[in-house]
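Below is one structure, written out as structure tokens, with a few remarks after it.
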Amino acid sequence: METVVSGIRPTGNLHLGNYFGAVKSFLQMQNEYKCYFFIADWHSLTTRPKPENIIKSAHTILAEYLACGINPEKATIYIQSDVKEVLELYLYLNMNAYLGEMERCTTFKEKARKQPENVNVGLLTYPTLMAADILIHRAAKVPVGKDQEQNMEMARKFARRFNTIYEKDFFPEPQSFSLATKSVKIPGLDGSGKMGKSEGNCIYLMDDTETIRKKVMKAVTDSGPTMPNSEKPEVIQNLFTFLDIVSTKDTYDYFNDKWNDCSIRYGDLKKQIAVDVAAFNTPIRERIREYSSNVDLLNNIAKAGAEKAHESAINTLKEIRHIIGFHA
Ligand code: TRP
């Protein structure tokens, strides 16, 4: 069975866009591959998070992914900083990474531009740490968004370079699964193309029914169809995308017919979306609450995950040490 690795950046709560993107593909992958999903807390240090937030965000992510259905019996879910072997591989990879190529990464340049007061070496070596995350399990596949493509190219380059230097066919070149092409894109409700945290237009899995209703009722619409069977403008298509993912086919068809005969009332459409989104969110939100309130359980799951990840990591690392010439 092929191995999949993916890192989760601790950037706040999951929203519907995340659910129908990354989370859904994780849910599918855990049935088809040997999966390692981890919370990238070392990576997060490039922006100096407050100490009290590190474990809190890890617990939040764990609770939310578990609530969505990531199953620790199927996938190994762990916290990056619990598996120290990654750091040793990070060191080895850094020895074969050139300053020039790291400085030329657009991801580095962008991050440096965003925080000019803190252009730390961790930002520069972000791609080697990410490569270490992946190569430590000798992963074949990595589900990532388009924004990670350059980091993935670096990971492949480091894998090839190691193989060349030591004349061994040791690391497979990890391939990206582009999440963008596999999943439904969840639109924003503000007329912008995509639901995203930085766009400020998210419906979070944690949102309660009233919050959801308010957000949905504010969705941008137009003045309505003037001709039967006309094409839907983007803002209206966006609403139908919501219906498509959270409502029944009958409901979708009902509103689609109303659109086609020009009798649609956007108020009714939005109310329906609000109700159906709430029905979708409610059980997940309740499970998030349950997991969040059981810190012992979260710690046990993280610990069991770390043990499994450690086993895989130490196997790889023993071979690497041997290949490099450390014979201890
Ligand atoms: N860089 C990824 C992001 O920003 C997170 C990440 C860290 C990752 N290490 C990884 C993703 C390894 C896949 C594999 O989203």
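Order determines the names: the first chain of the structure tokens is A, the second B, and so forth; residues in each chain are numbered 1 upward, and ligands are numbered 1 upward as they are shown.
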TODO: May I ask you to write as a PyMOL selection string all residues lying at most 6 Å from ligand 1, with only C-alpha atoms and all ligand atoms counted?
DONE: chain A and resi 5-9+40+130+133-134+142+144
Open item on the list: Can you tell me, as an MDAnalysis selection string, which residues in segment 110-215 of chain A count as alpha helix (DSSP H) by DSSP?
Closed with: chainID A and resid 110:114 121:124 126:135 149:165 179:182 209:215
Please dump the current selection as a CSV table (one decimal), in the first residue's frame; keep C-alpha atoms.
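Written output follows (part-v4.csv):
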chain,number,residue,atom,x,y,z
A,110,GLU,CA,6.9,36.1,0.1
A,111,LYS,CA,7.1,35.2,3.8
A,112,ALA,CA,10.2,37.4,4.2
A,113,ARG,CA,8.2,40.2,2.7
A,114,LYS,CA,5.3,39.6,5.0
A,121,VAL,CA,16.5,30.9,9.1
A,122,GLY,CA,13.5,28.7,9.9
A,123,LEU,CA,11.7,30.5,7.1
A,124,LEU,CA,14.6,29.9,4.8
A,126,TYR,CA,11.0,25.6,5.6
A,127,PRO,CA,11.2,23.5,2.5
A,128,THR,CA,13.8,21.2,4.0
A,129,LEU,CA,11.7,20.7,7.1
A,130,MET,CA,8.7,19.9,4.9
A,131,ALA,CA,10.8,17.5,2.9
A,132,ALA,CA,11.9,15.8,6.1
A,133,ASP,CA,8.2,15.4,7.1
A,134,ILE,CA,7.5,13.6,3.9
A,135,LEU,CA,10.7,11.7,3.3
A,149,GLU,CA,3.8,23.1,-5.4
A,150,GLN,CA,7.2,24.8,-5.1
A,151,ASN,CA,7.8,23.2,-1.7
A,152,MET,CA,6.9,19.8,-3.3
A,153,GLU,CA,9.4,20.4,-6.1
A,154,MET,CA,12.0,21.1,-3.5
A,155,ALA,CA,11.1,17.9,-1.6
A,156,ARG,CA,11.5,15.9,-4.9
A,157,LYS,CA,14.8,17.7,-5.6
A,158,PHE,CA,16.2,16.8,-2.1
A,159,ALA,CA,15.1,13.2,-2.5
A,160,ARG,CA,16.8,12.9,-5.9
A,161,ARG,CA,19.9,14.7,-4.6
A,162,PHE,CA,20.3,12.4,-1.6
A,163,ASN,CA,19.9,9.4,-3.9
A,164,THR,CA,22.5,10.8,-6.3
A,165,ILE,CA,25.0,11.7,-3.6
A,179,LEU,CA,-6.4,19.1,-3.8
A,180,ALA,CA,-7.7,21.9,-5.9
A,181,THR,CA,-8.5,19.7,-8.9
A,182,LYS,CA,-10.0,16.8,-6.8
A,209,THR,CA,-27.3,27.6,13.8
A,210,GLU,CA,-28.0,31.3,14.5
A,211,THR,CA,-24.5,32.3,13.3
A,212,ILE,CA,-24.9,30.3,10.2
A,213,ARG,CA,-28.3,31.8,9.5
A,214,LYS,CA,-26.9,35.4,9.8
A,215,LYS,CA,-24.0,34.6,7.5
Once you count only C-alpha atoms, what closest atom pair and distance in Å to one decimal does each residue of segment 20-124 of chain A within 10 Å of segment 302-307 of chain A have, with rows by chain and rising residue number, as a Markdown table?
| residue | atom | partner | partner_atom | distance |
| --- | --- | --- | --- | --- |
| A:Tyr36 | CA | A:Gly305 | CA | 8.8 |
| A:Phe37 | CA | A:Gly305 | CA | 9.2 |
| A:Phe38 | CA | A:Gly305 | CA | 8.9 |
| A:Ile39 | CA | A:Ala302 | CA | 9.9 |
| A:Ala58 | CA | A:Ala302 | CA | 9.5 |
| A:His59 | CA | A:Ala302 | CA | 9.1 |
| A:Leu62 | CA | A:Ala302 | CA | 8.1 |
| A:Pro72 | CA | A:Gly305 | CA | 7.3 |
| A:Glu73 | CA | A:Gly305 | CA | 9.4 |
| A:Ala75 | CA | A:Gly305 | CA | 8.6 |
| A:Thr76 | CA | A:Gly305 | CA | 5.2 |
| A:Ile77 | CA | A:Gly305 | CA | 5.1 |
| A:Tyr78 | CA | A:Gly305 | CA | 4.7 |
| A:Ile79 | CA | A:Ala302 | CA | 6.5 |
| A:Gln80 | CA | A:Ala306 | CA | 8.1 |
| A:Ser81 | CA | A:Ala306 | CA | 9.1 |
| A:Asp82 | CA | A:Ala306 | CA | 5.9 |
| A:Val83 | CA | A:Ala306 | CA | 6.1 |
| A:Lys84 | CA | A:Ala306 | CA | 9.8 |
Open item on the list: At a cut-off of 9 Å, using only C-alpha atoms, what residues contact Leu239 of chain A? Leave out same-chain residues fewer than 2 positions from it and give the result as a PyMOL selection string.
Closed with: chain A and resi 187+189+219+221+234-237+241-244+269-270+273
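Of the residues listed (A:Ala274, A:Asn260, A:Glu32, A:Gln175), A:Asn260 shows the shortest atom-to-atom separation from Asn229 of chain A; distances use only C-alpha atoms.
Across A:Ala63, A:Tyr254, A:Gln115, A:Gly193, the tightest approach to Asp296 of chain A is made by A:Ala63 when counting only C-alpha atoms.
Distances from A:Val220, A:Leu16, A:Ala22, A:Ile320 to Gly191 of chain A were compared using only C-alpha atoms, and the smallest one belongs to A:Val220.
Residues in contact with Ala313 of chain A at 9 Å, where only C-alpha atoms are counted and same-chain residues fewer than 3 positions away are skipped, are listed as Val83, Lys84, Glu85, Val86, Ile136, His137, Arg138, Lys308, Ala309, His310, Thr316, Leu317 and Lys318 of chain A.
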Task: Neighbour list for Cys68 of chain A as a list of chain:residue names, cut-off 9 Å, only C-alpha atoms, skip fewer than 6 positions in-chain - done: A:Tyr19, A:Val23, A:Lys24, A:Leu27, A:Ile284, A:Arg287, A:Ile288
Can I get the selection written as a PDB file, in the first residue's frame, with C-alpha atoms?
ATOM      1  CA  TYR A  19     -14.155  20.317   4.939  1.00  0.00           C
ATOM      2  CA  VAL A  23     -10.700  17.031   5.000  1.00  0.00           C
ATOM      3  CA  LYS A  24     -12.851  15.092   2.542  1.00  0.00           C
ATOM      4  CA  LEU A  27     -11.343  10.843   4.679  1.00  0.00           C
ATOM      5  CA  ILE A 284     -19.883  17.705  13.649  1.00  0.00           C
ATOM      6  CA  ARG A 287     -18.482  15.922  18.227  1.00  0.00           C
ATOM      7  CA  ILE A 288     -15.911  18.745  18.222  1.00  0.00           C
TER       8      ILE A 288
END
Task: Separation of atom CA of Ile264 of chain A from atom CA of Phe20 of chain A, in Å and rounded to one decimal - done: 26.8 Å
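Atom CA of Pro172 of chain A lies 20.9 Å from atom CA of Tyr98 of chain A.
Taking atom CA of Glu173 of chain A and atom CA of Thr3 of chain A as endpoints, the distance between them is 11.9 Å.
In terms of minimum interatomic distance to Ala140 of chain A, A:Met1 ranks closest within A:Ala278, A:Asn238, A:Met1, A:Tyr65, counting only C-alpha atoms.
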Open item on the list: Between A:Asn300, A:Thr282, A:Thr47, A:Asn31, which residue has the minimum interatomic distance to Glu117 of chain A, considering only C-alpha atoms?
Closed with: A:Thr47
